[in-house]
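Coordinates as given in run-v2.csv (CSV, C-alpha atoms):
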```
chain,number,residue,atom,x,y,z
A,1,MET,CA,37.6,-15.3,83.4
A,2,THR,CA,39.6,-14.0,80.5
A,3,THR,CA,41.5,-16.6,78.6
A,4,GLU,CA,44.0,-14.4,76.8
A,5,PRO,CA,47.0,-12.9,78.6
A,6,ARG,CA,47.2,-9.1,78.4
A,7,SER,CA,49.9,-6.6,78.8
A,8,GLU,CA,49.6,-4.1,81.7
A,9,ARG,CA,48.3,-1.5,79.3
A,10,PRO,CA,46.9,-1.6,75.8
A,11,ALA,CA,49.5,-1.4,73.0
A,12,LYS,CA,47.2,0.8,70.9
A,13,ILE,CA,43.7,2.3,71.6
A,14,ALA,CA,41.0,3.0,69.0
A,15,VAL,CA,38.2,5.4,69.6
A,16,LEU,CA,35.4,5.3,67.0
A,17,GLY,CA,33.5,8.6,67.1
A,18,SER,CA,35.0,12.1,67.3
A,19,GLY,CA,32.1,13.9,68.9
A,20,SER,CA,32.5,15.7,72.3
A,21,TRP,CA,32.5,12.6,74.5
A,22,GLY,CA,34.5,10.4,72.1
A,23,THR,CA,37.2,13.0,71.7
A,24,THR,CA,37.2,13.8,75.4
A,25,PHE,CA,37.6,10.2,76.4
A,26,ALA,CA,40.4,9.8,73.9
A,27,LYS,CA,42.1,12.7,75.8
A,28,VAL,CA,41.5,10.8,79.1
A,29,LEU,CA,43.1,7.7,77.6
A,30,ALA,CA,46.0,9.6,76.1
A,31,ASP,CA,46.7,11.4,79.4
A,32,ALA,CA,46.5,8.2,81.3
A,33,SER,CA,49.0,6.5,79.1
A,34,PRO,CA,51.3,9.1,77.4
A,35,GLU,CA,53.3,6.4,75.7
A,36,THR,CA,50.3,4.6,74.2
A,37,PRO,CA,49.1,5.7,70.7
A,38,VAL,CA,45.4,6.7,70.8
A,39,MET,CA,43.7,6.9,67.4
A,40,LEU,CA,40.3,8.5,66.7
A,41,TRP,CA,38.0,7.6,63.8
A,42,SER,CA,36.0,10.5,62.4
A,43,ARG,CA,33.5,10.3,59.5
A,44,ARG,CA,34.8,13.7,58.3
A,45,PRO,CA,38.3,13.9,56.9
A,46,ASP,CA,38.6,17.6,57.9
A,47,VAL,CA,37.9,16.8,61.5
A,48,ALA,CA,40.5,14.0,61.5
A,49,ALA,CA,43.0,16.3,59.9
A,50,GLU,CA,42.4,19.0,62.5
A,51,ILE,CA,42.8,16.6,65.3
A,52,THR,CA,46.1,15.2,63.9
A,53,ALA,CA,47.7,18.4,62.7
A,54,ASP,CA,46.4,21.0,65.3
A,55,HIS,CA,45.7,18.7,68.3
A,56,ARG,CA,42.2,20.0,68.8
A,57,ASN,CA,38.6,19.4,67.8
A,58,GLY,CA,37.2,22.9,67.5
A,59,ARG,CA,33.6,21.9,66.6
A,60,TYR,CA,33.1,20.1,69.9
A,61,LEU,CA,35.8,21.0,72.3
A,62,GLY,CA,36.8,24.6,71.3
A,63,GLU,CA,40.4,25.4,72.0
A,64,THR,CA,41.0,22.4,74.3
A,65,ARG,CA,44.5,21.1,73.5
A,66,LEU,CA,44.7,17.3,72.8
A,67,PRO,CA,47.7,15.2,73.8
A,68,SER,CA,50.4,14.6,71.2
A,69,ASN,CA,49.8,10.8,71.3
A,70,ILE,CA,46.3,11.3,69.8
A,71,THR,CA,45.9,11.1,66.0
A,72,ALA,CA,42.8,10.7,63.9
A,73,SER,CA,41.8,9.3,60.5
A,74,SER,CA,38.6,8.8,58.5
A,75,ASP,CA,39.9,5.3,57.5
A,76,VAL,CA,38.4,3.0,60.1
A,77,GLY,CA,40.6,0.2,59.1
A,78,ALA,CA,43.7,2.2,59.9
A,79,VAL,CA,42.3,3.2,63.2
A,80,LEU,CA,41.4,-0.4,64.3
A,81,ALA,CA,44.5,-2.0,63.0
A,82,GLY,CA,46.5,-3.4,66.0
A,83,SER,CA,44.1,-1.9,68.6
A,84,ASP,CA,43.6,-4.2,71.5
A,85,LEU,CA,41.2,-1.7,73.2
A,86,VAL,CA,38.4,-0.3,71.0
A,87,VAL,CA,36.1,2.4,72.4
A,88,LEU,CA,32.7,3.0,70.6
A,89,ALA,CA,31.3,6.5,70.9
A,90,VAL,CA,28.9,6.8,68.0
A,91,PRO,CA,25.1,7.6,68.2
A,92,ALA,CA,23.3,4.6,69.7
A,93,GLN,CA,20.8,4.3,67.0
A,94,SER,CA,23.4,4.1,64.2
A,95,LEU,CA,25.6,1.5,66.0
A,96,ARG,CA,24.1,-1.7,64.6
A,97,ALA,CA,24.3,-0.6,61.0
A,98,GLN,CA,28.1,0.2,61.3
A,99,LEU,CA,29.3,-2.9,63.2
A,100,PRO,CA,29.2,-5.5,60.4
A,101,ALA,CA,31.8,-3.5,58.4
A,102,TRP,CA,34.0,-3.1,61.5
A,103,ARG,CA,33.8,-6.7,62.6
A,104,PRO,CA,36.5,-8.1,60.3
A,105,LEU,CA,38.8,-5.2,61.1
A,106,LEU,CA,39.0,-5.9,64.8
A,107,ALA,CA,42.2,-7.3,66.3
A,108,PRO,CA,41.8,-11.0,67.3
A,109,HIS,CA,41.6,-10.4,71.0
A,110,ALA,CA,40.4,-6.8,71.1
A,111,VAL,CA,38.2,-5.6,74.0
A,112,VAL,CA,35.3,-3.3,73.1
A,113,VAL,CA,34.1,-0.6,75.4
A,114,SER,CA,30.8,1.2,74.9
A,115,LEU,CA,30.4,4.9,75.9
A,116,MET,CA,26.9,5.0,74.4
A,117,LYS,CA,23.8,5.6,76.6
A,118,GLY,CA,20.8,4.5,74.7
A,119,LEU,CA,18.4,1.6,74.0
A,120,GLU,CA,18.0,0.6,70.4
A,121,VAL,CA,14.7,1.6,69.0
A,122,GLY,CA,12.7,-1.4,67.8
A,123,THR,CA,14.5,-4.0,69.8
A,124,ASP,CA,15.0,-2.3,73.2
A,125,ALA,CA,18.5,-3.8,73.1
A,126,ARG,CA,21.2,-2.3,75.3
A,127,MET,CA,24.3,-1.3,73.4
A,128,SER,CA,26.4,-4.1,74.9
A,129,GLU,CA,23.8,-6.5,73.6
A,130,VAL,CA,24.0,-5.0,70.1
A,131,ILE,CA,27.8,-5.3,70.2
A,132,ALA,CA,27.7,-8.9,71.3
A,133,GLU,CA,25.2,-9.8,68.5
A,134,GLU,CA,26.9,-8.0,65.7
A,135,LEU,CA,30.6,-8.6,66.6
A,136,ALA,CA,30.1,-12.1,68.0
A,137,LEU,CA,32.1,-11.3,71.1
A,138,PRO,CA,31.8,-13.0,74.4
A,139,ALA,CA,30.7,-10.9,77.4
A,140,GLU,CA,34.2,-11.0,78.9
A,141,ARG,CA,35.4,-8.8,76.0
A,142,ILE,CA,32.6,-6.2,76.2
A,143,ALA,CA,32.5,-3.4,78.7
A,144,VAL,CA,30.5,-0.3,79.3
A,145,LEU,CA,31.6,3.0,80.9
A,146,SER,CA,29.1,5.3,82.6
A,147,GLY,CA,28.8,7.9,85.3
A,148,PRO,CA,28.6,11.7,85.6
A,149,ASN,CA,30.5,12.3,82.3
A,150,LEU,CA,29.8,15.8,81.1
A,151,ALA,CA,32.4,16.0,78.4
A,152,LEU,CA,33.4,19.6,78.5
A,153,GLU,CA,34.1,19.5,82.2
A,154,ILE,CA,36.3,16.4,81.8
A,155,ALA,CA,38.0,18.1,78.8
A,156,ARG,CA,38.9,21.0,81.2
A,157,GLU,CA,40.4,18.3,83.5
A,158,GLU,CA,37.9,19.0,86.3
A,159,PRO,CA,38.0,15.9,88.6
A,160,THR,CA,35.3,13.3,88.0
A,161,ALA,CA,34.7,9.6,88.7
A,162,SER,CA,33.1,7.0,86.6
A,163,VAL,CA,32.3,3.3,86.4
A,164,VAL,CA,33.7,0.6,84.1
A,165,ALA,CA,31.5,-2.5,84.0
A,166,CYS,CA,32.2,-5.9,82.6
A,167,VAL,CA,31.1,-9.4,83.7
A,168,ASP,CA,34.8,-10.2,84.0
A,169,HIS,CA,36.3,-8.2,86.8
A,170,ASP,CA,39.9,-8.5,85.4
A,171,THR,CA,38.8,-7.0,82.1
A,172,ALA,CA,37.1,-4.1,83.9
A,173,ALA,CA,40.2,-3.5,86.0
A,174,TRP,CA,42.4,-3.6,82.9
A,175,ILE,CA,40.2,-0.9,81.2
A,176,ALA,CA,40.1,1.1,84.4
A,177,LEU,CA,43.9,1.2,84.6
A,178,ALA,CA,44.0,2.4,81.0
A,179,CYS,CA,41.8,5.4,81.7
A,180,THR,CA,43.0,6.5,85.1
A,181,ALA,CA,44.2,10.0,84.7
A,182,SER,CA,45.0,12.6,87.3
A,183,TYR,CA,41.5,14.1,86.8
A,184,PHE,CA,39.5,10.9,86.0
A,185,ARG,CA,38.9,8.1,88.5
A,186,PRO,CA,37.2,5.0,87.3
A,187,TYR,CA,35.7,2.4,89.6
A,188,THR,CA,34.8,-1.1,88.5
A,189,SER,CA,31.7,-3.2,88.5
A,190,THR,CA,30.4,-6.4,87.2
A,191,ASP,CA,26.8,-5.1,86.9
A,192,VAL,CA,26.7,-4.3,83.2
A,193,ILE,CA,22.9,-4.2,83.1
A,194,GLY,CA,22.6,-1.8,86.0
A,195,VAL,CA,25.3,0.5,84.8
A,196,GLU,CA,23.8,0.7,81.3
A,197,ILE,CA,20.2,1.2,82.4
A,198,GLY,CA,21.4,4.0,84.7
A,199,GLY,CA,23.0,5.8,81.8
A,200,ILE,CA,20.0,5.3,79.6
A,201,VAL,CA,17.1,6.3,81.7
A,202,LYS,CA,18.8,9.3,83.2
A,203,ASN,CA,18.6,10.9,79.8
A,204,VAL,CA,14.8,10.6,79.8
A,205,ILE,CA,14.5,12.0,83.3
A,206,ALA,CA,16.8,14.9,82.3
A,207,LEU,CA,14.4,15.8,79.5
A,208,ALA,CA,11.6,16.0,82.1
A,209,VAL,CA,13.7,18.1,84.4
A,210,GLY,CA,14.7,20.4,81.6
A,211,MET,CA,11.0,20.8,80.6
A,212,CYS,CA,10.2,21.8,84.2
A,213,GLU,CA,13.0,24.3,84.1
A,214,GLY,CA,11.8,25.7,80.7
A,215,ARG,CA,8.4,26.2,82.3
A,216,ARG,CA,10.0,28.1,85.2
A,217,MET,CA,9.1,25.4,87.8
A,218,GLY,CA,11.0,25.6,91.0
A,219,ASP,CA,13.7,23.6,92.7
A,220,ASN,CA,11.2,21.6,94.7
A,221,THR,CA,9.7,20.3,91.5
A,222,LYS,CA,13.0,19.5,89.9
A,223,ALA,CA,14.3,17.7,93.1
A,224,SER,CA,11.1,15.7,93.2
A,225,VAL,CA,11.3,14.6,89.6
A,226,ILE,CA,15.0,13.7,90.0
A,227,THR,CA,14.3,11.6,93.1
A,228,ARG,CA,11.3,9.8,91.6
A,229,GLY,CA,13.2,9.5,88.4
A,230,LEU,CA,15.8,7.5,90.3
A,231,ALA,CA,13.1,5.3,91.6
A,232,GLU,CA,11.8,4.6,88.1
A,233,THR,CA,15.3,3.9,86.9
A,234,THR,CA,15.9,1.5,89.8
A,235,ARG,CA,12.6,-0.4,89.2
A,236,LEU,CA,13.5,-1.0,85.5
A,237,ALA,CA,17.1,-1.9,86.2
A,238,VAL,CA,16.1,-4.5,88.8
A,239,ALA,CA,13.4,-5.9,86.6
A,240,LEU,CA,16.0,-6.4,83.8
A,241,GLY,CA,18.5,-8.1,86.2
A,242,GLY,CA,20.6,-5.2,87.4
A,243,LEU,CA,21.5,-4.5,91.0
A,244,ARG,CA,19.6,-2.0,93.2
A,245,GLU,CA,22.9,-0.8,94.8
A,246,THR,CA,24.3,0.2,91.4
A,247,MET,CA,21.6,2.9,91.2
A,248,ALA,CA,22.8,4.5,94.4
A,249,GLY,CA,26.3,4.9,92.9
A,250,LEU,CA,28.0,6.9,90.2
A,251,ALA,CA,26.2,5.2,87.3
A,252,GLY,CA,22.8,5.8,88.9
A,253,MET,CA,22.4,8.7,91.2
A,254,GLY,CA,25.7,10.4,90.2
A,255,ASP,CA,25.0,10.4,86.5
A,256,LEU,CA,21.3,11.4,87.1
A,257,ILE,CA,22.3,14.4,89.2
A,258,ALA,CA,24.8,15.7,86.7
A,259,THR,CA,22.6,15.2,83.7
A,260,CYS,CA,19.5,16.7,85.3
A,261,SER,CA,21.3,19.7,86.8
A,262,SER,CA,23.8,20.9,84.2
A,263,SER,CA,23.4,23.3,81.2
A,264,LEU,CA,26.2,21.2,79.6
A,265,SER,CA,23.8,18.2,79.4
A,266,ARG,CA,22.4,17.8,75.9
A,267,ASN,CA,19.2,16.1,77.3
A,268,HIS,CA,18.7,18.8,79.9
A,269,THR,CA,19.1,21.4,77.3
A,270,ALA,CA,16.7,19.7,74.9
A,271,GLY,CA,14.1,19.5,77.6
A,272,HIS,CA,14.6,23.1,78.5
A,273,LEU,CA,14.0,24.2,74.9
A,274,LEU,CA,10.9,22.0,74.7
A,275,GLY,CA,9.7,23.6,77.9
A,276,GLN,CA,10.2,27.0,76.4
A,277,GLY,CA,7.8,26.1,73.6
A,278,LEU,CA,10.1,25.0,70.8
A,279,SER,CA,8.9,22.1,68.7
A,280,LEU,CA,10.9,18.9,68.5
A,281,ASP,CA,12.0,19.8,65.0
A,282,GLU,CA,13.2,23.2,66.2
A,283,VAL,CA,15.1,21.7,69.1
A,284,THR,CA,16.8,19.2,66.8
A,285,ALA,CA,17.8,22.0,64.4
A,286,LYS,CA,19.1,24.2,67.2
A,287,MET,CA,21.4,21.5,68.8
A,288,ASN,CA,24.4,20.2,66.9
A,289,GLN,CA,24.6,17.0,69.0
A,290,THR,CA,22.3,14.1,69.6
A,291,ALA,CA,20.1,14.3,72.7
A,292,GLU,CA,20.0,10.5,73.2
A,293,GLY,CA,16.9,10.7,75.5
A,294,ILE,CA,14.8,11.8,72.6
A,295,LYS,CA,15.8,8.8,70.6
A,296,SER,CA,15.6,6.3,73.4
A,297,ALA,CA,12.5,7.4,75.4
A,298,GLN,CA,10.1,5.2,73.5
A,299,ALA,CA,12.4,2.2,73.8
A,300,VAL,CA,12.7,2.7,77.6
A,301,LEU,CA,8.9,2.9,77.9
A,302,ASP,CA,8.5,-0.2,75.7
A,303,ALA,CA,10.9,-2.1,78.0
A,304,ALA,CA,9.1,-0.9,81.1
A,305,ILE,CA,5.7,-2.1,79.7
A,306,GLN,CA,7.1,-5.4,78.7
A,307,HIS,CA,8.4,-6.0,82.2
A,308,GLY,CA,5.4,-4.6,84.0
A,309,VAL,CA,7.3,-1.6,85.5
A,310,ASP,CA,5.4,1.6,86.1
A,311,MET,CA,7.3,4.6,84.8
A,312,PRO,CA,5.0,7.7,84.9
A,313,ILE,CA,7.7,10.3,84.3
A,314,THR,CA,9.0,8.4,81.3
A,315,ALA,CA,5.5,7.9,80.0
A,316,GLY,CA,4.9,11.6,80.3
A,317,VAL,CA,8.0,12.5,78.4
A,318,VAL,CA,7.1,10.1,75.6
A,319,ALA,CA,3.7,11.7,75.4
A,320,VAL,CA,5.2,15.1,75.0
A,321,LEU,CA,7.7,14.0,72.4
A,322,GLN,CA,4.9,12.4,70.4
A,323,GLY,CA,2.7,15.4,70.6
A,324,ARG,CA,0.0,13.7,72.7
A,325,LEU,CA,0.6,15.9,75.7
A,326,SER,CA,1.5,19.5,76.1
A,327,VAL,CA,4.4,20.6,78.2
A,328,ASP,CA,2.0,22.6,80.3
A,329,ASP,CA,0.1,19.4,81.2
A,330,LEU,CA,3.2,17.4,81.9
A,331,GLY,CA,3.9,18.8,85.4
A,332,PRO,CA,0.8,17.4,87.2
A,333,ARG,CA,1.5,14.0,85.6
A,334,LEU,CA,5.1,13.7,86.6
A,335,LEU,CA,4.4,12.4,90.1
A,336,ALA,CA,1.1,10.7,89.2
A,337,ARG,CA,1.2,7.4,91.1
A,338,ASN,CA,-1.2,5.9,93.6
A,339,LEU,CA,-0.4,6.9,97.1
A,340,LYS,CA,2.0,4.5,98.8
A,341,PRO,CA,5.0,4.3,101.1
A,342,GLU,CA,8.1,5.9,99.6
A,343,GLY,CA,10.2,2.8,100.1
A,344,ASP,CA,7.7,0.5,98.5
A,345,HIS,CA,9.7,-1.5,95.9
A,346,THR,CA,6.8,-3.0,94.0
A,347,PRO,CA,6.7,-2.1,90.3
```
Is it possible to give me this structure as structure tokens?
Amino acid sequence: MTTEPRSERPAKIAVLGSGSWGTTFAKVLADASPETPVMLWSRRPDVAAEITADHRNGRYLGETRLPSNITASSDVGAVLAGSDLVVLAVPAQSLRAQLPAWRPLLAPHAVVVSLMKGLEVGTDARMSEVIAEELALPAERIAVLSGPNLALEIAREEPTASVVACVDHDTAAWIALACTASYFRPYTSTDVIGVEIGGIVKNVIALAVGMCEGRRMGDNTKASVITRGLAETTRLAVALGGLRETMAGLAGMGDLIATCSSSLSRNHTAGHLLGQGLSLDEVTAKMNQTAEGIKSAQAVLDAAIQHGVDMPITAGVVAVLQGRLSVDDLGPRLLARNLKPEGDHTP
């Protein structure tokens, strides 16, 4: 249980990362608590100035109007000062390098929430694990948020639900209250592992579905890959200590469906471009945001191998990304497992 008393809502909220999801979630928080100052950190002073002066982030959210209680700065110290809720929305692979400089700037009892959906390359660590290691925080002060979170739809205030996970239920409930807006409904969970793995692996499966779509494969193929992708995700989550039932909820099936089906999904889009014949370098150059599945796919496969979990779809995606398999040859391998009952839960 938490040991420090908390007010009903945060006194100040910091969001580190002014990309599409970071800015959108800042809007959710600001709409949920109009009296609470929400401050965004941006690496670029011009973006911070635009957010503060014009109440918009044109690069990522177009003409979406941001609430007046959102400001921004390129000074991370100013953003973190007095913030009892700190939201991290930076690229997963850059997180560890940035945390040591942020650690002494955190308020003494700040709670940290990860919006990031990736495994760290080289360590296979989940983002909550990286946060715990580098910030020396107990698990009760670290939470993750995941679910079908297509930023542009949420920025347009289209109704969506999500999951806040923390080992301490009271902390999860406190965060959920802080981000409950008229269009954003958070549920709570204590299954941090399951919620994180659902958000990580769905990016890799979305790459596979996008590749299928880029090769003009039909809906049967895509539905099959999504369904078997959920099975892969579930096997890995359970092997790592997550709960099977989490994968049937918003952080598992819900996020997977949204990410694999929408043109707003960066990973789906990247896969589609690869399926159309673009090289990985060409895809990276064409997209102005990170497709996290490209970065995390190898780490996901490494974790699967380490825990004896069979993940043929993930293995196929990694082979394509590494140039060892052509997209044309990926299709027949996506469902390549020994014949067995569908409900068999062996690895």
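The shortest atom-to-atom distance to A:Gly249, with only C-alpha atoms taken into account, belongs to A:Asp191 out of A:Asp191, A:Glu292, A:Asp124, A:Glu133.
Distances to A:Met211 were evaluated for A:Ser296, A:Thr188, A:Ser326, A:Thr71 using only C-alpha atoms, and the minimum falls at A:Ser326.
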Between atom CA of A:Thr190 and atom CA of A:Thr259, what is the spacing in Å?
23.2 Å
Near A:Pro10, counting only C-alpha atoms, which residues have an atom at most 10 Å away, once you skip same-chain residues fewer than 4 positions from it, shown as a VMD selection string?
chain A and resid 6 33 36 to 38 82 to 86 110 to 111 174 to 175 177 to 178
Rounded to one decimal in Å, what is the spacing between atom CA of A:Val283 and atom CA of A:Thr23?
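Atom-to-atom, atom CA of A:Val283 to atom CA of A:Thr23, that is 23.9 Å.
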Show me, as a Markdown table, the residues of stretch 255-347 of chain A having an atom within 12 Å of stretch 87-91 of chain A, each with the closest atom pair and its distance in Å, using all atoms listed in the file.
```
| residue | atom | partner | partner_atom | distance |
| --- | --- | --- | --- | --- |
| A:Gln289 | CA | A:Pro91 | CA | 9.4 |
| A:Thr290 | CA | A:Pro91 | CA | 7.2 |
| A:Ala291 | CA | A:Pro91 | CA | 9.5 |
| A:Glu292 | CA | A:Pro91 | CA | 7.7 |
| A:Gly293 | CA | A:Pro91 | CA | 11.4 |
| A:Ile294 | CA | A:Pro91 | CA | 12.0 |
| A:Lys295 | CA | A:Pro91 | CA | 9.7 |
| A:Ser296 | CA | A:Pro91 | CA | 10.9 |
```
Please list as a list in words every residue within 9 Å of A:Ala299, counting only C-alpha atoms and excluding residues in the same chain fewer than 5 positions away.
Gly118, Leu119, Glu120, Val121, Gly122, Thr123, Asp124, Ala125 and Ala304 of chain A
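The protein and nucleic acid residues lying at most 8 Å from A:Leu40 are Ala14, Val15, Leu16, Gly17, Ser18, Thr23, Ala26, Val38, Ser42, Ala48, Ile70, Thr71, Ala72, Ser73 and Val79 of chain A, with all atoms listed in the file considered and sequence neighbours fewer than 2 positions away removed.
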At a cut-off of 10 Å around the point (46.5, 18.5, 73.8) (file coordinates), what residues fall inside when counting only C-alpha atoms? I'd like the answer as a list of chain:residue names.
A:Lys27, A:Ala30, A:Asp31, A:Ile51, A:Asp54, A:His55, A:Arg56, A:Asn57, A:Glu63, A:Thr64, A:Arg65, A:Leu66, A:Pro67, A:Ser68, A:Asn69, A:Ile70, A:Ala155
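Proximity to A:Met311 was assessed for A:Leu273, A:Val204, A:Leu240, A:Ala165 counting only C-alpha atoms; the smallest distance is recorded for A:Val204.
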Separation of atom CA of A:Thr160 from atom CA of A:Arg185, in Å and rounded to one decimal
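Between atom CA of A:Thr160 and atom CA of A:Arg185 the gap works out to 6.3 Å.
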May I ask which of the residues A:Glu35, A:Asp255, A:Glu140, A:Glu153 is the closest one to A:Asn203, counting all atoms listed in the file?
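Ranked by minimum distance to A:Asn203, first place goes to A:Asp255.
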Point (24.8, -8.2, 73.1), cut-off 12 Å, counting all atoms listed in the file, residues as a VMD selection string:
chain A and resid 96 112 114 119 to 120 123 to 144 192 to 193
Prev. selection, C-alpha atoms, output as a PDB file, in the coordinates of the input:
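Writing done, so here's result_39.pdb:
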```pdb
ATOM      1  CA  ARG A  96      24.100  -1.700  64.600  1.00  0.00           C
ATOM      2  CA  VAL A 112      35.300  -3.300  73.100  1.00  0.00           C
ATOM      3  CA  SER A 114      30.800   1.200  74.900  1.00  0.00           C
ATOM      4  CA  LEU A 119      18.400   1.600  74.000  1.00  0.00           C
ATOM      5  CA  GLU A 120      18.000   0.600  70.400  1.00  0.00           C
ATOM      6  CA  THR A 123      14.500  -4.000  69.800  1.00  0.00           C
ATOM      7  CA  ASP A 124      15.000  -2.300  73.200  1.00  0.00           C
ATOM      8  CA  ALA A 125      18.500  -3.800  73.100  1.00  0.00           C
ATOM      9  CA  ARG A 126      21.200  -2.300  75.300  1.00  0.00           C
ATOM     10  CA  MET A 127      24.300  -1.300  73.400  1.00  0.00           C
ATOM     11  CA  SER A 128      26.400  -4.100  74.900  1.00  0.00           C
ATOM     12  CA  GLU A 129      23.800  -6.500  73.600  1.00  0.00           C
ATOM     13  CA  VAL A 130      24.000  -5.000  70.100  1.00  0.00           C
ATOM     14  CA  ILE A 131      27.800  -5.300  70.200  1.00  0.00           C
ATOM     15  CA  ALA A 132      27.700  -8.900  71.300  1.00  0.00           C
ATOM     16  CA  GLU A 133      25.200  -9.800  68.500  1.00  0.00           C
ATOM     17  CA  GLU A 134      26.900  -8.000  65.700  1.00  0.00           C
ATOM     18  CA  LEU A 135      30.600  -8.600  66.600  1.00  0.00           C
ATOM     19  CA  ALA A 136      30.100 -12.100  68.000  1.00  0.00           C
ATOM     20  CA  LEU A 137      32.100 -11.300  71.100  1.00  0.00           C
ATOM     21  CA  PRO A 138      31.800 -13.000  74.400  1.00  0.00           C
ATOM     22  CA  ALA A 139      30.700 -10.900  77.400  1.00  0.00           C
ATOM     23  CA  GLU A 140      34.200 -11.000  78.900  1.00  0.00           C
ATOM     24  CA  ARG A 141      35.400  -8.800  76.000  1.00  0.00           C
ATOM     25  CA  ILE A 142      32.600  -6.200  76.200  1.00  0.00           C
ATOM     26  CA  ALA A 143      32.500  -3.400  78.700  1.00  0.00           C
ATOM     27  CA  VAL A 144      30.500  -0.300  79.300  1.00  0.00           C
ATOM     28  CA  VAL A 192      26.700  -4.300  83.200  1.00  0.00           C
ATOM     29  CA  ILE A 193      22.900  -4.200  83.100  1.00  0.00           C
TER      30      ILE A 193
END
```
From the options A:Gly77, A:Gly218, A:Gly308, A:Gly271, which residue's atoms come nearest to A:Ala107, counting all atoms listed in the file?
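Nearest candidate to A:Ala107 out of A:Gly77, A:Gly218, A:Gly308, A:Gly271: A:Gly77.
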Give me the residues near A:Leu207 as a ChimeraX atom specification, where near means some atom within 12 Å (using only C-alpha atoms) and where sequence neighbours in that chain fewer than 2 positions away do not count.
/A:200-205,209-214,222,225-226,229,256,259-263,265-275,280,283,291-297,313-318,320-321,327,330,334
Could you rebuild stretch 320-333 of chain A with N, CA and C atoms and give me the result as a compact mmCIF listing (two decimals), in the coordinates of the input?
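The result, written out as selection-v9.txt:
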```
# COMPACT_ATOMS: atom_id res chain seq x y z
N VAL A 320 4.82 13.80 75.49
CA VAL A 320 5.20 15.10 75.00
C VAL A 320 5.94 15.04 73.69
N LEU A 321 6.91 14.14 73.62
CA LEU A 321 7.70 14.00 72.40
C LEU A 321 6.86 13.59 71.21
N GLN A 322 5.80 12.83 71.47
CA GLN A 322 4.90 12.40 70.40
C GLN A 322 3.77 13.32 70.12
N GLY A 323 3.71 14.45 70.84
CA GLY A 323 2.70 15.40 70.60
C GLY A 323 1.33 15.09 71.20
N ARG A 324 1.28 14.08 72.07
CA ARG A 324 0.00 13.70 72.70
C ARG A 324 -0.26 14.41 73.99
N LEU A 325 0.71 15.16 74.48
CA LEU A 325 0.60 15.90 75.70
C LEU A 325 1.36 17.17 75.64
N SER A 326 0.78 18.26 76.10
CA SER A 326 1.50 19.50 76.10
C SER A 326 2.45 19.60 77.27
N VAL A 327 3.49 20.40 77.12
CA VAL A 327 4.40 20.60 78.20
C VAL A 327 3.72 21.15 79.44
N ASP A 328 2.74 22.02 79.22
CA ASP A 328 2.00 22.60 80.30
C ASP A 328 1.26 21.54 81.15
N ASP A 329 0.83 20.49 80.48
CA ASP A 329 0.10 19.40 81.20
C ASP A 329 0.99 18.35 81.76
N LEU A 330 2.30 18.45 81.45
CA LEU A 330 3.20 17.40 81.90
C LEU A 330 3.42 17.46 83.42
N GLY A 331 3.58 18.67 83.97
CA GLY A 331 3.90 18.80 85.40
C GLY A 331 3.03 18.03 86.32
N PRO A 332 1.69 18.18 86.24
CA PRO A 332 0.80 17.40 87.20
C PRO A 332 0.94 15.92 87.00
N ARG A 333 1.43 15.44 85.85
CA ARG A 333 1.50 14.00 85.60
C ARG A 333 2.82 13.38 86.06
```
